[in-house]
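data-v7.tsv (TSV, C-alpha atoms) appears below.
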```tsv
chain	number	residue	atom	x	y	z
V	21	MET	CA	12.47	4.09	-12.75
V	22	THR	CA	9.69	5.49	-10.63
V	23	LEU	CA	10.31	8.54	-8.45
V	24	SER	CA	10.51	6.31	-5.35
V	25	GLU	CA	13.09	4.09	-7.03
V	26	GLN	CA	15.16	7.07	-8.16
V	27	ILE	CA	15.27	8.60	-4.69
V	28	THR	CA	16.01	5.28	-3.00
V	29	SER	CA	18.81	4.64	-5.48
V	30	ALA	CA	20.22	8.12	-4.86
V	31	VAL	CA	20.27	7.61	-1.09
V	32	ARG	CA	21.88	4.19	-1.52
V	33	SER	CA	24.62	5.67	-3.71
V	34	VAL	CA	25.55	8.08	-0.90
V	35	ILE	CA	25.33	5.95	2.25
V	36	GLY	CA	25.54	2.37	0.96
V	37	THR	CA	23.33	-0.66	1.43
V	38	ASN	CA	23.42	-0.94	5.23
V	39	PRO	CA	20.29	0.11	7.10
V	40	ALA	CA	20.46	3.67	8.41
V	41	ALA	CA	18.28	5.43	10.96
V	42	LEU	CA	17.02	8.95	10.42
V	43	HIS	CA	19.56	10.25	12.95
V	44	GLU	CA	21.79	8.45	15.43
V	45	PRO	CA	24.25	9.80	18.01
V	46	LEU	CA	27.96	9.31	17.44
V	47	PHE	CA	30.22	8.48	20.38
V	48	GLU	CA	33.90	8.47	19.52
V	49	GLY	CA	35.48	10.61	22.23
V	50	ASP	CA	35.56	10.70	26.03
V	51	GLU	CA	31.89	9.90	26.61
V	52	GLU	CA	32.51	6.61	28.43
V	53	LYS	CA	35.42	7.99	30.47
V	54	LEU	CA	33.55	11.04	31.74
V	55	THR	CA	30.26	9.28	32.51
V	56	ARG	CA	32.18	6.52	34.32
V	57	GLU	CA	33.80	9.19	36.47
V	58	CYS	CA	30.33	10.35	37.53
V	59	VAL	CA	29.32	6.83	38.50
V	60	GLU	CA	32.55	6.11	40.36
V	61	THR	CA	32.46	9.34	42.35
V	62	GLY	CA	28.70	9.26	42.96
V	63	TRP	CA	28.12	12.71	41.43
V	64	VAL	CA	25.35	11.72	39.05
V	65	SER	CA	22.51	14.10	39.89
V	66	SER	CA	21.91	17.83	39.53
V	67	VAL	CA	25.11	18.99	41.25
V	68	GLY	CA	28.60	18.35	39.92
V	69	LYS	CA	31.49	19.76	37.98
V	70	PHE	CA	30.30	18.62	34.57
V	71	VAL	CA	27.10	20.70	34.68
V	72	ASP	CA	29.15	23.83	35.22
V	73	ALA	CA	31.72	22.77	32.61
V	74	PHE	CA	29.04	22.04	30.04
V	75	GLU	CA	27.42	25.43	30.59
V	76	ARG	CA	30.77	27.19	30.21
V	77	GLY	CA	31.46	25.22	27.03
V	78	LEU	CA	28.06	26.06	25.56
V	79	ALA	CA	28.49	29.76	26.29
V	80	GLU	CA	31.96	29.77	24.75
V	81	TYR	CA	30.90	27.84	21.65
V	82	THR	CA	27.72	29.81	20.95
V	83	GLY	CA	29.04	33.22	22.01
V	84	ALA	CA	26.20	33.68	24.51
V	85	SER	CA	27.07	35.37	27.77
V	86	HIS	CA	25.17	32.75	29.77
V	87	ALA	CA	24.01	29.17	29.25
V	88	ILE	CA	21.78	27.31	31.72
V	89	ALA	CA	21.59	23.53	31.29
V	90	VAL	CA	18.22	21.83	31.87
V	91	THR	CA	16.59	18.44	31.44
V	92	ASN	CA	15.35	18.78	27.86
V	93	GLY	CA	14.57	21.29	25.13
V	94	THR	CA	10.90	21.54	26.08
V	95	ALA	CA	11.84	22.43	29.66
V	96	ALA	CA	14.26	25.02	28.27
V	97	LEU	CA	11.47	26.71	26.32
V	98	HIS	CA	9.07	26.52	29.24
V	99	VAL	CA	11.41	28.19	31.71
V	100	ALA	CA	12.45	30.75	29.08
V	101	LEU	CA	8.84	31.73	28.48
V	102	VAL	CA	8.16	31.97	32.22
V	103	ALA	CA	11.27	34.11	32.74
V	104	ALA	CA	10.20	36.37	29.87
V	105	GLY	CA	6.86	37.00	31.57
V	106	VAL	CA	4.58	34.96	29.29
V	107	GLY	CA	1.46	34.11	31.24
V	108	ARG	CA	-2.20	33.28	31.24
V	109	SER	CA	-4.30	34.89	28.50
V	110	ASP	CA	-1.22	35.95	26.49
V	111	GLU	CA	-0.62	34.86	22.91
V	112	VAL	CA	2.72	33.71	21.50
V	113	LEU	CA	3.40	33.91	17.76
V	114	VAL	CA	4.78	30.54	16.71
V	115	PRO	CA	5.05	28.64	13.41
V	116	ALA	CA	2.49	25.97	12.64
V	117	LEU	CA	5.30	23.98	11.01
V	118	THR	CA	7.29	22.81	14.01
V	119	PHE	CA	7.59	19.98	16.52
V	120	ILE	CA	5.08	19.75	19.37
V	121	GLY	CA	7.86	20.57	21.86
V	122	THR	CA	7.84	24.16	20.61
V	123	VAL	CA	4.16	24.70	21.30
V	124	ASN	CA	3.41	22.69	24.44
V	125	PRO	CA	5.43	25.08	26.67
V	126	ILE	CA	3.19	27.94	25.58
V	127	ALA	CA	0.22	25.99	26.91
V	128	TYR	CA	2.13	25.17	30.12
V	129	CYS	CA	2.22	28.93	30.76
V	130	GLY	CA	-1.54	29.21	30.30
V	131	ALA	CA	-0.93	31.17	27.10
V	132	THR	CA	-2.28	30.51	23.61
V	133	PRO	CA	-0.23	29.71	20.51
V	134	HIS	CA	-0.96	32.06	17.62
V	135	PHE	CA	0.14	30.24	14.48
V	136	ILE	CA	2.15	31.90	11.72
V	137	ASP	CA	3.01	30.77	8.22
V	138	SER	CA	6.12	29.37	6.55
V	139	LEU	CA	7.75	30.26	3.26
V	140	PRO	CA	6.25	28.57	0.19
V	141	ASN	CA	9.57	26.91	-0.71
V	142	ALA	CA	11.33	26.46	2.63
V	143	PRO	CA	10.23	25.50	6.14
V	144	GLU	CA	11.30	28.73	7.91
V	145	ILE	CA	8.71	31.31	8.89
V	146	ASP	CA	7.56	33.76	6.21
V	147	ILE	CA	8.65	37.01	7.83
V	148	GLU	CA	7.30	39.31	5.11
V	149	ALA	CA	3.87	37.67	5.36
V	150	LEU	CA	4.05	37.91	9.16
V	151	GLU	CA	4.86	41.62	8.94
V	152	ALA	CA	1.87	42.29	6.72
V	153	TYR	CA	-0.35	40.20	8.99
V	154	LEU	CA	0.71	42.05	12.13
V	155	ASP	CA	0.02	45.38	10.45
V	156	GLY	CA	-3.62	44.29	10.21
V	157	ILE	CA	-4.25	42.68	13.61
V	158	LEU	CA	-1.99	44.49	16.06
V	159	GLU	CA	-2.33	47.60	18.16
V	160	LEU	CA	0.16	49.09	20.62
V	161	ARG	CA	-1.06	49.99	24.11
V	162	GLY	CA	1.16	51.04	26.95
V	163	GLY	CA	4.31	49.84	25.22
V	164	SER	CA	2.93	46.33	24.53
V	165	ALA	CA	1.40	44.71	21.46
V	166	PHE	CA	-2.17	43.43	21.53
V	167	ASN	CA	-4.27	41.38	19.15
V	168	LYS	CA	-7.21	43.63	18.22
V	169	SER	CA	-9.45	40.61	17.55
V	170	THR	CA	-8.94	38.77	20.83
V	171	GLY	CA	-7.66	41.54	23.11
V	172	ALA	CA	-4.77	39.30	24.15
V	173	ARG	CA	-1.25	40.59	24.63
V	174	LEU	CA	1.21	39.30	22.00
V	175	ALA	CA	3.86	38.33	24.53
V	176	ALA	CA	6.55	36.81	22.29
V	177	ILE	CA	7.59	35.73	18.82
V	178	LEU	CA	9.00	32.20	18.88
V	179	PRO	CA	10.90	31.50	15.63
V	180	VAL	CA	12.15	27.98	14.96
V	181	HIS	CA	15.38	27.28	13.07
V	182	VAL	CA	13.82	24.28	11.34
V	183	PHE	CA	16.15	21.36	10.52
V	184	GLY	CA	19.07	23.62	11.50
V	185	HIS	CA	18.43	26.36	8.92
V	186	PRO	CA	18.49	29.80	10.60
V	187	VAL	CA	15.69	32.31	10.18
V	188	ASP	CA	16.41	35.82	8.83
V	189	MET	CA	17.04	37.24	12.28
V	190	ASP	CA	17.79	40.79	11.13
V	191	HIS	CA	14.34	41.15	9.59
V	192	LEU	CA	12.72	39.51	12.59
V	193	ALA	CA	14.60	41.83	14.95
V	194	ASP	CA	13.16	44.81	13.06
V	195	ILE	CA	9.64	43.47	13.55
V	196	SER	CA	10.34	42.76	17.22
V	197	GLU	CA	11.54	46.30	17.82
V	198	ARG	CA	8.76	47.97	15.83
V	199	TYR	CA	5.92	46.02	17.46
V	200	LYS	CA	7.47	45.68	20.94
V	201	ILE	CA	7.30	41.87	20.92
V	202	PRO	CA	10.34	40.05	22.37
V	203	VAL	CA	11.94	37.19	20.45
V	204	ILE	CA	12.57	33.82	22.09
V	205	GLU	CA	14.39	31.52	19.66
V	206	ASP	CA	13.80	27.79	19.41
V	207	ALA	CA	17.24	26.67	18.27
V	208	ALA	CA	16.68	23.07	19.40
V	209	GLU	CA	17.72	21.79	15.97
V	210	ALA	CA	20.40	24.38	15.26
V	211	MET	CA	23.41	23.67	17.46
V	212	GLY	CA	26.32	24.58	15.17
V	213	SER	CA	24.26	26.78	12.81
V	214	THR	CA	24.99	30.46	12.30
V	215	TYR	CA	23.39	33.56	10.82
V	216	LYS	CA	25.89	36.17	9.61
V	217	GLY	CA	28.56	34.41	11.62
V	218	ARG	CA	26.60	34.48	14.88
V	219	HIS	CA	25.24	31.33	16.48
V	220	ALA	CA	21.53	30.59	16.28
V	221	GLY	CA	19.77	31.17	19.57
V	222	THR	CA	21.81	34.24	20.52
V	223	PHE	CA	19.78	36.96	18.76
V	224	GLY	CA	16.62	37.12	20.83
V	225	LEU	CA	15.98	37.94	24.44
V	226	LEU	CA	16.44	34.21	25.06
V	227	GLY	CA	17.26	31.16	22.96
V	228	THR	CA	16.95	27.46	23.63
V	229	LEU	CA	18.81	24.31	22.57
V	230	SER	CA	18.08	20.58	22.71
V	231	PHE	CA	20.47	17.69	23.31
V	232	ASN	CA	18.05	14.81	22.80
V	233	GLY	CA	19.49	11.57	21.45
V	234	ASN	CA	18.59	12.58	17.90
V	235	LYS	CA	20.34	15.97	17.95
V	236	ILE	CA	23.78	16.82	16.55
V	237	ILE	CA	25.27	16.49	20.04
V	238	THR	CA	23.47	14.68	22.82
V	239	THR	CA	23.35	14.45	26.59
V	240	GLY	CA	20.83	11.60	26.37
V	241	GLY	CA	18.11	14.01	27.38
V	242	GLY	CA	18.86	17.66	27.88
V	243	GLY	CA	18.50	21.24	26.80
V	244	ALA	CA	19.81	24.71	27.56
V	245	VAL	CA	18.73	28.33	27.67
V	246	LEU	CA	21.03	30.97	26.15
V	247	THR	CA	20.92	34.64	27.04
V	248	ASN	CA	23.09	37.76	27.18
V	249	ASP	CA	21.05	39.16	30.08
V	250	ALA	CA	22.65	38.41	33.46
V	251	ASP	CA	19.45	39.04	35.42
V	252	LEU	CA	17.46	36.69	33.20
V	253	ALA	CA	20.19	34.05	33.50
V	254	ARG	CA	20.03	34.20	37.29
V	255	ARG	CA	16.24	34.01	37.23
V	256	ILE	CA	16.24	30.99	34.88
V	257	LYS	CA	18.81	29.12	36.95
V	258	HIS	CA	16.77	29.85	40.08
V	259	LEU	CA	13.51	28.73	38.45
V	260	SER	CA	15.12	25.56	37.07
V	261	THR	CA	16.45	24.49	40.48
V	262	THR	CA	13.03	24.47	42.23
V	263	ALA	CA	13.51	28.15	43.19
V	264	ARG	CA	15.49	27.03	46.20
V	265	VAL	CA	17.13	29.75	48.29
V	266	ALA	CA	20.69	28.89	49.26
V	267	HIS	CA	20.94	27.74	52.87
V	268	ARG	CA	23.40	25.49	54.67
V	269	MET	CA	20.71	23.16	56.02
V	270	GLU	CA	17.14	24.18	55.32
V	271	PHE	CA	14.97	23.82	52.23
V	272	ILE	CA	13.53	27.23	51.46
V	273	HIS	CA	11.79	28.10	48.17
V	274	ASP	CA	10.63	31.62	47.36
V	275	MET	CA	8.44	31.02	44.28
V	276	VAL	CA	6.97	28.23	42.20
V	277	GLY	CA	9.96	26.65	40.50
V	278	TYR	CA	10.73	23.62	38.37
V	279	ASN	CA	12.93	20.58	38.86
V	280	TYR	CA	14.63	21.15	35.51
V	281	ARG	CA	18.35	21.19	36.34
V	282	MET	CA	20.42	18.92	34.07
V	283	PRO	CA	21.94	15.94	35.94
V	284	ASN	CA	25.73	15.80	36.15
V	285	ILE	CA	25.95	12.44	34.37
V	286	ASN	CA	24.08	13.86	31.36
V	287	ALA	CA	26.31	16.91	31.37
V	288	ALA	CA	29.40	14.67	31.39
V	289	LEU	CA	28.17	13.13	28.15
V	290	GLY	CA	27.59	16.64	26.82
V	291	VAL	CA	31.09	17.82	27.70
V	292	ALA	CA	32.55	14.93	25.69
V	293	GLN	CA	30.18	15.50	22.77
V	294	LEU	CA	30.85	19.24	22.66
V	295	ARG	CA	34.54	18.55	22.09
V	296	ASN	CA	33.57	17.00	18.73
V	297	ILE	CA	30.91	19.50	17.61
V	298	ASN	CA	32.98	20.98	14.78
V	299	ASN	CA	33.75	17.50	13.48
V	300	PHE	CA	30.06	16.56	13.55
V	301	VAL	CA	29.00	19.73	11.73
V	302	LEU	CA	31.66	19.16	9.07
V	303	ARG	CA	30.50	15.58	8.48
V	304	LYS	CA	26.89	16.64	8.12
V	305	ARG	CA	27.77	19.42	5.70
V	306	ILE	CA	29.76	16.94	3.59
V	307	LEU	CA	26.77	14.60	3.66
V	308	ALA	CA	24.55	17.44	2.39
V	309	ASP	CA	26.91	18.06	-0.51
V	310	ARG	CA	26.93	14.37	-1.40
V	311	TYR	CA	23.17	14.11	-1.30
V	312	ALA	CA	22.77	17.30	-3.35
V	313	ALA	CA	25.03	15.97	-6.10
V	314	VAL	CA	22.77	12.97	-6.73
V	315	ILE	CA	19.40	14.50	-5.90
V	316	GLU	CA	19.89	17.30	-8.43
V	317	LYS	CA	19.74	14.66	-11.18
V	318	ILE	CA	16.15	13.76	-10.24
V	319	PRO	CA	13.54	16.03	-11.84
V	320	ALA	CA	11.18	17.92	-9.54
V	321	VAL	CA	13.14	17.06	-6.35
V	322	ARG	CA	15.68	19.18	-4.49
V	323	LEU	CA	17.68	19.07	-1.30
V	324	LEU	CA	17.05	21.95	1.08
V	325	ARG	CA	20.22	24.07	1.17
V	326	GLU	CA	21.30	26.87	3.45
V	327	GLY	CA	20.20	30.39	2.61
V	328	ASN	CA	22.09	33.64	2.20
V	329	ASP	CA	24.13	34.74	5.23
V	330	THR	CA	23.59	31.40	6.96
V	331	GLN	CA	25.60	28.30	7.71
V	332	SER	CA	23.48	25.29	8.55
V	333	ASN	CA	24.39	22.25	10.62
V	334	TYR	CA	22.08	20.25	8.30
V	335	TRP	CA	20.58	18.53	11.31
V	336	LEU	CA	18.08	16.69	9.12
V	337	GLN	CA	18.77	16.33	5.43
V	338	THR	CA	15.56	17.41	3.73
V	339	LEU	CA	14.13	16.61	0.32
V	340	ILE	CA	11.47	18.91	-1.06
V	341	LEU	CA	9.23	17.60	-3.82
V	342	ASP	CA	7.76	19.96	-6.38
V	343	GLU	CA	4.06	20.62	-6.01
V	344	GLU	CA	3.10	18.53	-9.04
V	345	ILE	CA	4.55	15.36	-7.46
V	346	ALA	CA	3.57	16.02	-3.82
V	347	ASP	CA	1.03	13.20	-4.05
V	348	GLN	CA	3.93	10.75	-4.34
V	349	ARG	CA	5.48	11.69	-0.99
V	350	ASP	CA	4.09	8.74	0.93
V	351	GLN	CA	5.23	6.32	-1.77
V	352	VAL	CA	8.74	7.74	-1.46
V	353	LEU	CA	8.65	7.40	2.33
V	354	SER	CA	7.46	3.81	2.12
V	355	ALA	CA	10.10	2.85	-0.44
V	356	LEU	CA	12.93	4.34	1.61
V	357	ASN	CA	11.82	2.63	4.81
V	358	ASP	CA	11.29	-0.67	3.00
V	359	ALA	CA	14.91	-0.40	1.83
V	360	GLY	CA	16.12	0.08	5.42
V	361	TYR	CA	16.57	3.84	5.33
V	362	GLY	CA	14.88	5.79	8.10
V	363	ALA	CA	12.82	8.48	6.37
V	364	ARG	CA	10.07	10.61	7.84
V	365	PRO	CA	7.57	13.28	6.81
V	366	VAL	CA	7.59	16.60	8.60
V	367	TRP	CA	5.53	16.88	11.78
V	368	ARG	CA	1.76	17.26	11.60
V	369	LEU	CA	1.05	20.99	11.46
V	370	MET	CA	0.24	22.27	14.92
V	371	HIS	CA	-3.12	23.82	14.05
V	372	THR	CA	-4.37	20.42	12.87
V	373	LEU	CA	-3.91	18.84	16.31
V	374	PRO	CA	-7.09	18.66	18.43
V	375	MET	CA	-5.74	20.71	21.35
V	376	PHE	CA	-4.69	23.59	19.11
V	377	GLU	CA	-7.25	23.56	16.30
V	378	SER	CA	-9.13	26.57	17.72
V	379	SER	CA	-5.99	28.68	18.26
V	380	PRO	CA	-5.75	31.96	16.32
V	381	ARG	CA	-3.76	31.82	13.11
V	382	MET	CA	-2.87	33.70	9.98
V	383	ASP	CA	-3.28	32.15	6.53
V	384	LEU	CA	-1.12	29.02	6.60
V	385	SER	CA	-1.05	28.08	2.94
V	386	GLY	CA	2.75	28.17	2.84
V	387	ALA	CA	3.10	25.76	5.75
V	388	GLU	CA	0.36	23.51	4.39
V	389	GLY	CA	2.08	23.32	1.02
V	390	MET	CA	5.47	22.67	2.58
V	391	ALA	CA	4.23	19.95	4.91
V	392	ALA	CA	2.91	17.91	1.99
V	393	ARG	CA	6.25	17.95	0.15
V	394	ILE	CA	8.96	17.24	2.76
V	395	VAL	CA	10.88	13.99	3.13
V	396	ASN	CA	13.67	13.77	5.71
V	397	ILE	CA	16.34	11.17	4.93
V	398	PRO	CA	19.19	9.58	6.99
V	399	SER	CA	21.28	12.40	8.43
V	400	GLY	CA	23.60	11.18	11.20
V	401	PRO	CA	27.25	12.26	11.32
V	402	ALA	CA	28.42	8.62	11.31
V	403	LEU	CA	27.30	8.36	7.68
V	404	VAL	CA	30.46	10.27	6.69
V	405	GLN	CA	33.90	8.96	7.52
V	406	LEU	CA	36.71	11.51	7.65
```
What would you get if you wrote out this structure as C-alpha cells?
Amino acid sequence: MTLSEQITSAVRSVIGTNPAALHEPLFEGDEEKLTRECVETGWVSSVGKFVDAFERGLAEYTGASHAIAVTNGTAALHVALVAAGVGRSDEVLVPALTFIGTVNPIAYCGATPHFIDSLPNAPEIDIEALEAYLDGILELRGGSAFNKSTGARLAAILPVHVFGHPVDMDHLADISERYKIPVIEDAAEAMGSTYKGRHAGTFGLLGTLSFNGNKIITTGGGGAVLTNDADLARRIKHLSTTARVAHRMEFIHDMVGYNYRMPNINAALGVAQLRNINNFVLRKRILADRYAAVIEKIPAVRLLREGNDTQSNYWLQTLILDEEIADQRDQVLSALNDAGYGARPVWRLMHTLPMFESSPRMDLSGAEGMAARIVNIPSGPALVQL
C-alpha cells in the first residue's frame, strides 16, 4: 500500500467507516435545558447568572484566581494585551507556527509581531533557540527589554500551547524574569491540559482560552482571560464591558473599552459543557492511544505525544511525517478527505502572510520544517464511546 492508503486504513481502523469531521462539539448534558432557561427568562445577553457561574467554574477548574468570559479567544488575547500595556510601536514575541487569531490582536494594539521559531520535531516554540536569539538582539533599558535593531520595546512573550501540548513554562519563566518580558499565554487549544500538574494558561501574567465550536468545550463562540492578579482582572472586566462606570441610570464610560462581554446564553452552554470536561479529556486521550497503536506500525510517521511533565488534552490529533516523506503530505490529506475523514494541514506560517511578511523574525527553519510535515486527523470526543 502507498503511504496515503496506509494512513487512511489506520484512521479507519480506529474510528470506523462513517465520515468524521476534524473536530465536532459533543452535547450530552444539560446544554438544551440551560440555554432554554435563558430564552424563557429573557436573560440572553451580556448580563445573567450563567456568565458569573461560568467564570467561577473556569477559575475553579483551571486554578486561576480570576476568569473573565468574553466573546471569543481573539477578543480575550486583545484585551489581555491591552491590559498588559502592549501598545503602538511595541513588539510581541510570538511563534510563526500558530493560528491567525494569536497574531491579529497584536496588530489591533498597534504593535508588531516578532516571530520566533518552533522545535524541529514538535510544534511548540524552541525555547533554547529563543534564549540564544534574545542574547544577541536584546538590551535592557530602564527595566524593560528593547530590540537593538529596531529600537522597539519587547512588550510580551506570547507562547502558544499548540494542539493542546503545553510549552516548557519553567524555562520560559526563567527567560521572562531574566529579560523583563511578561508572558501572556495563548491557551486557546489547551483547556484541560497541564504542565507539572498546573493548568495551561495560569503561568504567565495573563492567559487566554477559546470556546469556539471546534474546541474541547464550546460556548458557540467565546473565550476567557485567566489571571491571578486582582487588579488586572478588574481592569479586563472593565475594558470588556465598554469601560462603563456603574450608575443606576446614566451611561458613563471612562476610557476606550470593548463590547467583549460573553452573552449569558453562550455562558449557559459553557456551564453545561464544563460539567463534562473531564469526560471529554479522557475520551480524547483514549483516542490518542488508539491512534498511536496503529500509526506506530507505519514507517516514517508518528503521532505527536505529550512531553515530559505535561498532560495534553489532545485537542487535535497530529501526525508528523518524517522529513524524507514530507512531499507526500498533500497526497495523504487528499486521500483522507476523499475517504470522508476531515484532515487538515497546519496553518500557513504567519510570516508568509502578506500583512506580516515584513515583521521581524528569528531563523524559522524549525517552524518551516514542521509546517510541511503536519497532518491533523479527526479528533472529536464523540469518536470514543465510554
Which residue, V:Phe166, V:Ile285, V:Thr372, V:Asp251, has the smallest gap to Glu60 in chain V when you use all atoms listed in the file?
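Once distances to Glu60 in chain V are computed over all atoms listed in the file, the minimum belongs to V:Ile285.
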- request: Check the smallest atom-to-atom distance from each of V:Gly389, V:Asn333, V:Tyr199, V:Pro179 to Gly162 in chain V using all atoms listed in the file, then report the winner.
  value: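 Comparing V:Gly389, V:Asn333, V:Tyr199, V:Pro179 against Gly162 in chain V, the winner is V:Tyr199.
If you look at CA of Tyr280 in chain V and CA of Leu174 in chain V, they are 26.3 Å away from each other.
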At a cut-off of 12 Å, can you tabulate as JSON lines every residue of range 98-212 of chain V near range 269-276 of chain V together with its closest atom pair and the distance in Å to one decimal, using only C-alpha atoms and ordering rows by chain then number?
```
{"residue": "V:Val99", "atom": "CA", "partner": "V:Val276", "partner_atom": "CA", "distance": 11.4}
{"residue": "V:Val102", "atom": "CA", "partner": "V:Val276", "partner_atom": "CA", "distance": 10.7}
{"residue": "V:Ala103", "atom": "CA", "partner": "V:Val276", "partner_atom": "CA", "distance": 11.9}
```
Under the rule that all atoms listed in the file are counted, which of V:Pro39, V:Arg161, V:Ala30, V:Thr22 is the nearest residue to Asp358 in chain V?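 Among the listed residues, the smallest separation from Asp358 in chain V belongs to V:Pro39.
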Please determine an axis-aligned box that encloses all atoms of range 21-40 of chain V listed in the file, with 3 Å added on each side, and express its centre and edge lengths in Å to one decimal as JSON.
```
{"center_x": 17.6, "center_y": 3.8, "center_z": -2.2, "size_x": 21.9, "size_y": 15.5, "size_z": 27.2}
```
Note to self: Calculated over only C-alpha atoms, which of the candidates V:Ala127, V:Ile236, V:Leu341, V:Leu289 has the smallest distance to Glu111 in chain V?
What the structure shows: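 Looking at the shortest contact to Glu111 in chain V, the residue is V:Ala127.
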Give the answer as one residue: which of V:Asn234, V:Asp329, V:Met375, V:Trp335 has the shortest atom-to-atom distance to Glu44 in chain V, using only C-alpha atoms?
->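 Closest to Glu44 in chain V of all the choices is V:Asn234.
With only C-alpha atoms as the atoms that count, the residue of V:Gly241, V:Pro45, V:Pro365, V:Pro143 with the shortest distance to Ser399 in chain V is V:Pro45.
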inquiry  = I'd like the interatomic distance between CA of Tyr153 in chain V and CA of Ala208 in chain V, to a tenth of an Å.
reply    =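 About the pair CA of Tyr153 in chain V and CA of Ala208 in chain V: they are 26.3 Å apart.
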Between CA of Ala176 in chain V and CA of Gly163 in chain V lies a distance of 13.5 Å
Requested in this report: Find the residues with any atom within 12 Å of (7.1, 38.0, 4.8); use only C-alpha atoms and the coordinates as given in the file, and write the answer as a list of chain:residue names.
Outcome: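 Residues satisfying the cut-off, written out: V:Ile136, V:Asp137, V:Ser138, V:Leu139, V:Pro140, V:Glu144, V:Ile145, V:Asp146, V:Ile147, V:Glu148, V:Ala149, V:Leu150, V:Glu151, V:Ala152, V:Tyr153, V:Leu154, V:Asp155, V:Val187, V:Asp188, V:His191, V:Leu192, V:Ile195, V:Gly386.
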Just write the chosen residues, C-alpha atoms, as a compact mmCIF listing (two decimals), keeping the file's coordinate frame.
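The resulting result-v5.txt:
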```txt
# COMPACT_ATOMS: atom_id res chain seq x y z
CA ILE V 136 2.15 31.90 11.72
CA ASP V 137 3.01 30.77 8.22
CA SER V 138 6.12 29.37 6.55
CA LEU V 139 7.75 30.26 3.26
CA PRO V 140 6.25 28.57 0.19
CA GLU V 144 11.30 28.73 7.91
CA ILE V 145 8.71 31.31 8.89
CA ASP V 146 7.56 33.76 6.21
CA ILE V 147 8.65 37.01 7.83
CA GLU V 148 7.30 39.31 5.11
CA ALA V 149 3.87 37.67 5.36
CA LEU V 150 4.05 37.91 9.16
CA GLU V 151 4.86 41.62 8.94
CA ALA V 152 1.87 42.29 6.72
CA TYR V 153 -0.35 40.20 8.99
CA LEU V 154 0.71 42.05 12.13
CA ASP V 155 0.02 45.38 10.45
CA VAL V 187 15.69 32.31 10.18
CA ASP V 188 16.41 35.82 8.83
CA HIS V 191 14.34 41.15 9.59
CA LEU V 192 12.72 39.51 12.59
CA ILE V 195 9.64 43.47 13.55
CA GLY V 386 2.75 28.17 2.84
```
Legend entry - Near-Leu369 in chain V list (8 Å; only C-alpha atoms; drop same-chain fewer than 5 positions) as a PyMOL selection string: chain V and resi 116-118+387-388+391
Near Arg303 in chain V, within 9 Å and counting all atoms listed in the file, which residues show up once chain neighbours fewer than 3 positions away are dropped, as a ChimeraX atom specification? /V:298-300,306-308,400-406
Q.
Applying 7 Å and only C-alpha atoms, which residues near Ile201 in chain V remain after dropping the ones on its own chain fewer than 4 positions away? List them as a ChimeraX atom specification.
A. /V:165,174-177,196-197
(request) Write out as a PyMOL selection string the residues lying within 10 Å of Val31 in chain V, counting all atoms listed in the file and excluding same-chain residues fewer than 5 positions away. (result) chain V and resi 25-26+36-37+310-311+314-315+356+361+397-398
Could you please give me, as a PyMOL selection string, the residues of protein, DNA or RNA lying at most 8 Å from (15.2, 23.8, 25.9) in the coordinate frame of the file, considering all atoms listed in the file?
chain V and resi 90-98+206+208+228-230+242-245
Give me the residues of range 50-126 of chain V that have any atom at most 10 Å from an atom of range 210-224 of chain V; for each, the nearest atom pair and the distance in Å, rounded to one decimal. Use only C-alpha atoms, sort by chain and number, and format it as a tab-separated table.
```
residue	atom	partner	partner_atom	distance
V:Leu78	CA	V:Met211	CA	9.6
V:Ala79	CA	V:Thr222	CA	9.9
V:Tyr81	CA	V:His219	CA	8.4
V:Thr82	CA	V:His219	CA	5.3
V:Gly83	CA	V:His219	CA	7.0
V:Ala84	CA	V:Thr222	CA	6.0
V:Ser85	CA	V:Thr222	CA	9.0
V:His86	CA	V:Thr222	CA	10.0
```
* Can you list, as a VMD selection string, every protein, DNA or RNA residue that comes within 6 Å of Ile204 in chain V when you count only C-alpha atoms, leaving out same-chain residues fewer than 5 positions away? -> chain V and resid 178 224 to 227
